[in-house]
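Student: Okay, so here is target-v7.txt, and as you'll see once you scroll down, it has compact mmCIF, C-alpha atoms.
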```
# COMPACT_ATOMS: atom_id res chain seq x y z
CA MET A 281 0.00 0.00 0.00
CA ASP A 282 1.35 3.41 -0.95
CA VAL A 283 2.57 5.80 1.72
CA LEU A 284 3.38 9.41 0.84
CA VAL A 285 6.85 10.56 1.90
CA ILE A 286 7.15 14.35 2.22
CA GLY A 287 10.62 15.87 2.62
CA GLN A 288 11.90 18.97 4.37
CA GLU A 289 11.83 21.33 1.40
CA GLU A 290 8.32 20.21 0.48
CA VAL A 291 7.12 20.86 4.05
CA ARG A 292 8.58 24.36 3.83
CA ARG A 293 6.82 24.96 0.51
CA LEU A 294 3.46 23.39 1.36
CA LEU A 295 3.06 24.67 4.93
CA PRO A 296 3.81 28.40 5.21
CA VAL A 297 3.79 29.47 8.84
CA SER A 298 1.10 32.10 8.25
CA GLU A 299 -1.25 29.37 7.00
CA CYS A 300 -0.28 26.97 9.77
CA ILE A 301 -1.55 29.38 12.46
CA ASP A 302 -5.18 28.58 11.65
CA VAL A 303 -4.38 24.85 11.45
CA MET A 304 -2.97 25.04 14.97
CA ALA A 305 -5.95 27.02 16.23
CA GLU A 306 -8.36 24.34 15.06
CA ALA A 307 -6.23 21.55 16.55
CA LEU A 308 -5.94 23.19 19.98
CA ALA A 309 -9.64 24.09 20.06
CA THR A 310 -10.50 20.49 19.15
CA LEU A 311 -8.36 19.23 22.03
CA ALA A 312 -9.93 21.71 24.45
CA ARG A 313 -13.40 20.47 23.47
CA GLY A 314 -12.38 16.96 24.49
CA GLU A 315 -12.25 15.66 20.92
CA GLY A 316 -8.62 14.56 20.97
CA VAL A 317 -6.25 12.32 22.88
CA GLN A 318 -2.97 13.83 24.10
CA PRO A 319 -0.77 11.71 26.39
CA LEU A 320 2.49 13.01 27.79
CA ARG A 321 5.42 12.51 25.48
CA GLN A 322 8.06 10.00 26.45
CA ALA A 323 11.79 10.26 25.99
CA ILE A 324 14.92 8.27 26.66
CA ARG A 325 18.28 9.91 27.26
CA LEU A 326 21.00 8.48 25.07
CA PRO A 327 24.30 7.25 26.54
CA GLY A 328 26.82 10.03 26.99
CA GLY A 329 24.18 12.70 27.47
CA ALA A 330 24.46 14.14 23.95
CA GLY A 331 20.76 13.93 23.26
CA LEU A 332 17.48 12.10 23.61
CA LEU A 333 14.95 10.14 21.60
CA GLY A 334 11.35 11.23 22.06
CA VAL A 335 7.98 9.91 20.95
CA MET A 336 4.84 12.07 20.81
CA PRO A 337 1.62 10.18 20.00
CA ALA A 338 -1.75 11.90 19.61
CA TYR A 339 -5.20 11.59 18.07
CA LEU A 340 -7.42 14.34 16.68
CA GLY A 341 -11.16 13.91 16.22
CA GLY A 342 -12.84 15.72 13.37
CA ILE A 343 -10.12 14.70 10.97
CA ASP A 344 -10.05 11.22 12.59
CA ALA A 345 -6.27 11.12 12.50
CA PRO A 346 -3.93 9.24 14.83
CA GLY A 347 -0.25 9.97 14.48
CA ILE A 348 3.09 10.04 16.20
CA LYS A 349 6.25 12.09 15.97
CA VAL A 350 9.50 10.24 16.58
CA ILE A 351 12.34 12.65 17.05
CA THR A 352 15.87 13.04 18.37
CA VAL A 353 16.86 16.21 20.20
CA PHE A 354 20.58 17.02 20.16
CA PRO A 355 21.16 20.54 21.57
CA GLY A 356 24.80 20.35 20.48
CA ASN A 357 23.65 20.67 16.87
CA HIS A 358 22.86 24.36 17.41
CA GLY A 359 25.12 26.38 15.14
CA THR A 360 26.01 23.38 12.92
CA GLU A 361 24.68 22.18 9.58
CA LEU A 362 22.18 19.92 11.40
CA ASP A 363 18.97 20.90 13.15
CA SER A 364 18.71 20.07 16.85
CA HIS A 365 15.39 18.27 16.19
CA GLN A 366 15.41 15.44 13.63
CA GLY A 367 12.99 12.65 12.86
CA ALA A 368 9.66 11.89 11.23
CA VAL A 369 5.94 12.38 11.75
CA LEU A 370 3.91 9.26 10.94
CA LEU A 371 0.29 9.94 9.97
CA PHE A 372 -2.37 7.22 10.01
CA GLU A 373 -6.03 7.19 9.05
CA GLY A 374 -8.56 6.28 11.71
CA GLN A 375 -10.88 3.98 9.78
CA ARG A 376 -8.62 1.00 9.19
CA GLY A 377 -5.34 2.17 10.71
CA ARG A 378 -3.40 2.57 7.48
CA LEU A 379 -0.14 4.50 7.52
CA VAL A 380 -0.67 7.24 4.94
CA ALA A 381 2.31 9.61 5.27
CA VAL A 382 5.88 9.90 6.57
CA ILE A 383 6.88 13.54 6.91
CA ASP A 384 10.11 15.31 7.84
CA ALA A 385 9.82 16.29 11.50
CA SER A 386 12.51 18.98 11.60
CA GLU A 387 10.56 21.40 9.45
CA VAL A 388 7.16 20.39 10.83
CA THR A 389 8.47 21.17 14.32
CA ALA A 390 9.98 24.46 13.19
CA VAL A 391 6.80 25.64 11.48
CA ARG A 392 4.11 24.42 13.86
CA THR A 393 5.99 25.72 16.94
CA ALA A 394 6.25 29.19 15.47
CA ALA A 395 2.64 29.02 14.28
CA VAL A 396 1.42 28.32 17.83
CA SER A 397 3.45 31.31 19.07
CA GLY A 398 1.82 33.35 16.31
CA LEU A 399 -1.57 32.13 17.53
CA ALA A 400 -0.70 33.05 21.13
CA THR A 401 0.41 36.48 19.98
CA ARG A 402 -2.81 36.97 18.03
CA LEU A 403 -4.84 36.04 21.10
CA LEU A 404 -2.82 37.75 23.84
CA ALA A 405 -0.64 40.60 22.57
CA ARG A 406 -1.99 44.14 22.48
CA GLU A 407 -3.58 45.03 19.17
CA ASP A 408 -1.06 47.83 18.63
CA ALA A 409 1.98 45.70 19.53
CA GLY A 410 4.68 45.94 16.86
CA ASP A 411 8.08 46.15 18.58
CA LEU A 412 9.49 42.61 18.51
CA ALA A 413 12.49 41.16 20.33
CA ILE A 414 13.80 37.71 19.39
CA LEU A 415 16.32 36.03 21.67
CA GLY A 416 18.09 33.40 19.60
CA SER A 417 19.08 33.26 15.95
CA GLY A 418 18.52 29.63 14.92
CA THR A 419 15.72 27.65 13.32
CA GLN A 420 12.98 28.84 15.67
CA ALA A 421 14.06 32.47 15.29
CA ARG A 422 13.81 31.99 11.52
CA THR A 423 10.22 30.72 11.66
CA HIS A 424 9.04 32.97 14.50
CA LEU A 425 9.72 36.19 12.62
CA PRO A 426 7.16 35.51 9.83
CA ALA A 427 4.75 33.98 12.37
CA ILE A 428 4.63 37.18 14.44
CA ALA A 429 4.59 39.35 11.33
CA ALA A 430 1.50 37.43 10.17
CA VAL A 431 -0.55 38.53 13.19
CA ARG A 432 0.82 41.99 14.07
CA THR A 433 2.19 44.88 12.01
CA LEU A 434 5.84 45.13 12.99
CA HIS A 435 7.74 48.41 12.97
CA ARG A 436 10.95 47.29 14.65
CA VAL A 437 12.68 43.96 15.28
CA ARG A 438 15.71 43.44 17.51
CA VAL A 439 17.49 40.11 17.65
CA TRP A 440 20.08 38.89 20.13
CA SER A 441 22.16 35.74 20.15
CA PRO A 442 24.95 34.48 22.40
CA ASP A 443 26.93 34.45 19.14
CA PRO A 444 27.03 38.08 17.90
CA GLU A 445 28.02 37.03 14.38
CA ARG A 446 24.97 34.83 14.06
CA ALA A 447 22.74 37.65 15.30
CA ARG A 448 24.20 40.01 12.69
CA ALA A 449 23.81 37.41 9.94
CA PHE A 450 20.18 36.83 10.96
CA ALA A 451 19.43 40.56 10.90
CA GLU A 452 21.02 40.98 7.46
CA ARG A 453 19.02 38.21 5.80
CA ALA A 454 15.70 38.77 7.61
CA GLU A 455 12.76 40.04 5.57
CA CYS A 456 9.67 41.29 7.37
CA GLY A 457 8.91 44.73 5.96
CA CYS A 458 10.70 46.69 8.69
CA ALA A 459 14.17 47.21 10.12
CA VAL A 460 15.80 44.21 11.80
CA VAL A 461 18.84 44.99 13.93
CA ALA A 462 21.23 42.91 16.02
CA ALA A 463 21.31 43.91 19.69
CA ALA A 464 24.48 43.81 21.76
CA SER A 465 22.74 42.17 24.73
CA ALA A 466 19.51 40.38 25.57
CA ARG A 467 18.51 43.31 27.75
CA GLU A 468 19.07 45.78 24.92
CA ALA A 469 16.88 43.66 22.65
CA VAL A 470 14.05 43.32 25.17
CA GLU A 471 13.75 46.76 26.78
CA GLY A 472 10.82 48.62 25.25
CA ALA A 473 9.61 45.62 23.21
CA ASP A 474 5.92 44.72 23.39
CA ILE A 475 6.40 41.21 21.94
CA VAL A 476 9.29 38.98 23.03
CA CYS A 477 10.13 35.51 21.69
CA THR A 478 12.76 33.41 23.46
CA THR A 479 14.04 30.73 21.08
CA THR A 480 17.40 29.78 22.61
CA ALA A 481 19.06 26.59 23.79
CA ALA A 482 19.77 28.21 27.17
CA ARG A 483 19.58 26.23 30.40
CA GLU A 484 19.76 29.35 32.59
CA PRO A 485 17.62 32.51 32.24
CA VAL A 486 18.37 34.83 29.33
CA LEU A 487 15.29 36.98 30.02
CA GLU A 488 14.72 38.82 33.29
CA GLY A 489 11.31 40.04 34.34
CA ALA A 490 12.74 43.43 35.31
CA TRP A 491 13.49 44.16 31.65
CA LEU A 492 9.91 43.67 30.42
CA ALA A 493 7.79 46.69 29.59
CA PRO A 494 4.22 46.96 30.93
CA GLY A 495 1.82 45.34 28.48
CA ALA A 496 4.44 43.09 26.89
CA HIS A 497 3.60 39.62 25.60
CA VAL A 498 6.22 36.83 25.78
CA ASN A 499 6.40 33.56 23.86
CA ALA A 500 8.84 31.28 25.73
CA VAL A 501 9.82 28.51 23.33
CA GLY A 502 13.35 27.20 23.75
CA ALA A 503 13.41 25.34 27.07
CA CYS A 504 11.53 22.03 26.95
CA ILE A 505 12.83 19.99 29.90
CA PRO A 506 12.38 20.45 33.66
CA SER A 507 16.04 21.32 34.20
CA ALA A 508 16.26 24.18 31.67
CA ARG A 509 14.66 27.60 31.52
CA GLU A 510 14.97 30.84 29.56
CA LEU A 511 12.97 33.10 31.93
CA ASP A 512 13.72 34.01 35.52
CA GLY A 513 11.08 33.63 38.20
CA ALA A 514 10.19 37.31 38.10
CA ALA A 515 9.28 37.16 34.41
CA VAL A 516 6.90 34.27 35.06
CA ALA A 517 5.46 35.81 38.24
CA ARG A 518 4.75 39.18 36.59
CA SER A 519 2.83 37.61 33.70
CA ARG A 520 -0.61 36.14 33.10
CA LEU A 521 0.45 32.62 32.10
CA PHE A 522 -0.95 30.41 29.35
CA VAL A 523 0.29 27.04 28.06
CA ASP A 524 -0.43 24.61 25.24
CA ARG A 525 -1.29 21.80 27.67
CA ARG A 526 -1.43 21.98 31.48
CA GLU A 527 -0.36 18.39 32.08
CA SER A 528 2.69 18.81 29.87
CA ALA A 529 3.66 22.16 31.36
CA LEU A 530 3.47 20.92 34.94
CA ALA A 531 5.57 17.87 34.05
CA GLU A 532 8.20 19.37 31.74
CA ALA A 533 8.34 23.17 31.65
CA GLY A 534 11.46 24.26 33.53
CA ASP A 535 10.45 27.92 33.23
CA ILE A 536 7.37 27.14 35.34
CA LEU A 537 8.71 24.39 37.58
CA MET A 538 11.79 26.34 38.68
CA ALA A 539 9.72 29.45 39.38
CA GLN A 540 7.47 27.29 41.57
CA LYS A 541 10.46 25.79 43.37
CA GLU A 542 11.81 29.27 44.12
CA GLY A 543 8.43 30.35 45.47
CA ALA A 544 7.95 32.99 42.77
CA ILE A 545 4.60 31.47 41.74
CA GLY A 546 2.07 29.03 43.15
CA GLY A 547 0.63 25.89 41.63
CA ASP A 548 -2.39 27.82 40.32
CA HIS A 549 -0.44 30.38 38.27
CA ILE A 550 -1.46 28.88 34.91
CA VAL A 551 -4.58 30.72 33.73
CA GLY A 552 -5.44 28.35 30.92
CA GLU A 553 -4.53 26.60 27.70
CA LEU A 554 -4.63 28.33 24.31
CA GLY A 555 -7.38 25.94 23.25
CA GLU A 556 -9.46 26.92 26.26
CA LEU A 557 -8.96 30.55 25.32
CA LEU A 558 -10.16 29.80 21.80
CA ILE A 559 -13.40 28.15 22.96
CA GLY A 560 -14.12 30.82 25.59
CA ALA A 561 -13.36 28.66 28.63
CA CYS A 562 -10.92 31.21 30.10
CA GLU A 563 -10.18 34.93 29.83
CA GLY A 564 -7.15 36.31 28.04
CA ARG A 565 -5.57 39.76 28.32
CA ARG A 566 -7.54 42.03 30.64
CA SER A 567 -5.80 45.38 30.12
CA GLY A 568 -3.20 47.14 28.03
CA GLU A 569 -0.78 47.21 30.97
CA GLU A 570 -1.04 43.53 31.83
CA MET A 571 1.88 41.29 30.84
CA THR A 572 1.06 37.95 29.22
CA LEU A 573 3.20 34.85 28.78
CA PHE A 574 2.73 31.80 26.59
CA LYS A 575 4.95 28.91 27.64
CA SER A 576 5.33 26.61 24.65
CA LEU A 577 6.36 22.98 24.90
CA GLY A 578 4.86 21.57 21.72
CA ILE A 579 2.37 18.70 21.81
CA GLY A 580 1.54 15.82 19.51
CA VAL A 581 -1.84 17.08 18.28
CA GLU A 582 0.01 20.01 16.69
CA ASP A 583 2.19 17.58 14.73
CA VAL A 584 -0.79 15.44 13.71
CA ALA A 585 -2.74 18.47 12.53
CA ALA A 586 0.23 19.77 10.55
CA ALA A 587 0.84 16.33 9.04
CA HIS A 588 -2.80 15.93 8.02
CA HIS A 589 -2.80 19.37 6.39
CA LEU A 590 0.44 18.57 4.57
CA HIS A 591 -0.83 15.19 3.38
CA GLU A 592 -4.01 16.71 1.96
CA ARG A 593 -2.07 19.53 0.28
CA ALA A 594 0.56 17.19 -1.15
CA ARG A 595 -2.11 14.94 -2.64
CA ARG A 596 -3.81 17.91 -4.29
CA VAL A 597 -0.65 19.26 -5.92
CA GLY A 598 1.09 15.97 -6.63
CA ALA A 599 3.96 16.49 -4.19
CA GLY A 600 5.82 13.87 -2.21
CA VAL A 601 6.99 10.40 -3.20
CA ALA A 602 4.68 7.37 -2.98
CA VAL A 603 6.38 4.35 -1.40
CA ALA A 604 4.91 0.88 -0.93
CA LEU A 605 5.39 0.15 2.78
CA GLY A 606 2.98 -2.74 3.22
CA GLY A 607 0.02 -3.08 5.54
CA GLY A 608 -1.94 -5.31 3.15
CA ARG A 609 -2.22 -9.08 3.28
CA ALA A 610 0.16 -11.06 1.13
```
How would this structure read if it were set down as structure tokens?
Tutor:
Amino acid sequence: MDVLVIGQEEVRRLLPVSECIDVMAEALATLARGEGVQPLRQAIRLPGGAGLLGVMPAYLGGIDAPGIKVITVFPGNHGTELDSHQGAVLLFEGQRGRLVAVIDASEVTAVRTAAVSGLATRLLAREDAGDLAILGSGTQARTHLPAIAAVRTLHRVRVWSPDPERARAFAERAECGCAVVAAASAREAVEGADIVCTTTAAREPVLEGAWLAPGAHVNAVGACIPSARELDGAAVARSRLFVDRRESALAEAGDILMAQKEGAIGGDHIVGELGELLIGACEGRRSGEEMTLFKSLGIGVEDVAAAHHLHERARRVGAGVAVALGGGRA
């Protein structure tokens, strides 16, 4: 039986981040309505501590699609020719369990993560927000810039990286309709910004709450294990906090767990999930001065939704390569 294999360049072409925002909105709303299955992801650390192998299964009703992302995470790949996240998304159909697509996970992860941040920004940032700070200059910085530009009119972008040369290179090649400049420090990038995206591989805070302007919205993306964080406790405590999935955040989000351990926040600091916000089950921003924070971890339903969208698009335009991978009786 034929399975469609969709490569990295095809994902980039078929799933623009601006289009993916609405795909993510529908997936998260579906989950919030109880029409999906989202277990915690599982991971094994590889010998030597260089990286881990993770599996992220999920099911989405409506499109009746089970799927799983199998991915390695090697933080040491940052700054090299290889992405830190590598693997595949396997998409099945729910009627008879057939495998229908194998899709590059590096680009799916890059696009859907930024699209969810774009969704959070659309829901939570002030309507007039347009001064963007990006901490980091890698894959997620690349996809976050068009994601934020898709939901707010930007008039200034500042980018900072621990590697100044990479920050300058990012600023020179960036295209978003306004000036993009490399900042000398994270603080210089953040001060005065009303949208901040942290997309680093940091294990210790690169963003301090004291730097944030009243009314700012933050998308915290880079840290995805309990022992790493990008934000200090003050940044989390000062903000109205939203997540993609409570269970995941309370198990894995170092930004939240370390702030709790320090006593900066209590166990009830999470206001809600983005999906709950979409279906009206919780309240978002309440004033122009309030600071909001979306802590992103990434969950399997996002990958399944992106994979389903890509599979449908690829079939319509004749993209991908059909491979016979079995599943039928001999």
Student: Out of A:Val291, A:Val470, A:Ile579, A:Ala463, which residue has the shortest atom-to-atom distance to Tyr339 in chain A when counting only C-alpha atoms?
Tutor: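 For Tyr339 in chain A, the nearest of the given residues is A:Ile579.
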Student: Measuring between only C-alpha atoms, which one of A:Glu484, A:Asp583, A:Asp443, A:Glu289 shows the shortest distance to Ala464 in chain A?
Tutor: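 For Ala464 in chain A, the nearest of the given residues is A:Asp443.
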Student: Work out how far CA of Ser417 in chain A is from CA of Leu404 in chain A, in Å to one decimal.
Tutor: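 Taking CA of Leu404 in chain A as the start and CA of Ser417 in chain A as the end point, the length is 23.7 Å.
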Student: Between A:Val516, A:Leu511, A:Ala500, A:Ala561, which residue has the minimum interatomic distance to Val486 in chain A, considering all atoms listed in the file?
Tutor: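 Closest residue, counting all atoms listed in the file: A:Leu511.
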Student: Can you pull out the residues contacting range 423-440 of chain A? Cut-off 8 Å, using only C-alpha atoms, and skip same-chain residues under 6 positions away; I want them as number ranges by chain.
Tutor: A: 297-298, 301, 390-391, 394-395, 397-399, 401-402, 407-417, 447, 450-451, 456-466, 469-470, 477
Student: Please tell me which residues are no farther than 12 Å from (-13.9, 29.6, 19.0) in the file, counting only C-alpha atoms, and write them as a list in words.
Tutor: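 Counting only C-alpha atoms, I find these residues within 12 Å of (-13.9, 29.6, 19.0): Asp302, Ala305, Glu306, Ala307, Leu308, Ala309, Thr310, Ala312, Arg313, Leu403, Leu554, Gly555, Glu556, Leu557, Leu558, Ile559, Gly560, Ala561 and Cys562 of chain A.
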Student: Which residue gives the smallest distance to Leu379 in chain A among A:Val285, A:Ala515, A:Ile536, A:Ile324, with all atoms listed in the file counted?
Tutor: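 Counting all atoms listed in the file, the residue closest to Leu379 in chain A is A:Val285.
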Student: Looking at all atoms listed in the file, which of A:Leu284, A:Ile348, A:Met538, A:Val501 is the one that sits closest to Ala585 in chain A?
Tutor: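 Selected residue with least distance to Ala585 in chain A: A:Ile348.
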Student: Please compute the CA of Ala533 in chain A-CA of Ile505 in chain A distance, one decimal, in Å.
Tutor: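 Spanning CA of Ala533 in chain A to CA of Ile505 in chain A is a straight-line distance of 5.8 Å.
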Student: Residues near Pro494 in chain A, anyone? I mean within 8 Å using only C-alpha atoms, not counting same-chain ones fewer than 6 positions away, as a PyMOL selection string.
Tutor: chain A and resi 568-571
Student: Name the residues, using the chain letters and numbers of the file, that sit within 6 Å of (18.0, 11.9, 20.9) when counting all atoms listed in the file, and give them as number ranges by chain.
Tutor: A: 331-333, 352-354
Student: Which residues are close to Ile475 in chain A, i.e. within 6 Å by all atoms listed in the file, leaving aside same-chain residues fewer than 4 positions away? Reply as a list in words.
Tutor: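 Once the adjacent positions are removed, what remains is Leu412, Ala496, His497 and Val498 of chain A.
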Student: For the residues in the current selection, export C-alpha atoms as a PDB file, in the coordinates of the input.
Tutor:
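This went into again.pdb:
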```pdb
ATOM      1  CA  LEU A 412       9.490  42.610  18.510  1.00  0.00           C
ATOM      2  CA  ALA A 496       4.440  43.090  26.890  1.00  0.00           C
ATOM      3  CA  HIS A 497       3.600  39.620  25.600  1.00  0.00           C
ATOM      4  CA  VAL A 498       6.220  36.830  25.780  1.00  0.00           C
TER       5      VAL A 498
END
```
Student: With all atoms listed in the file as the atoms that count, which of A:Gly552, A:Gly546, A:Ala529, A:Phe574 lies nearest to Thr478 in chain A?
Tutor: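 Nearest to Thr478 in chain A: A:Phe574.
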Student: What separation in Å, quoted to one decimal, exists between CA of Arg467 in chain A and CA of Ala482 in chain A?
Tutor: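 Answer for the CA of Arg467 in chain A to CA of Ala482 in chain A separation: 15.2 Å.
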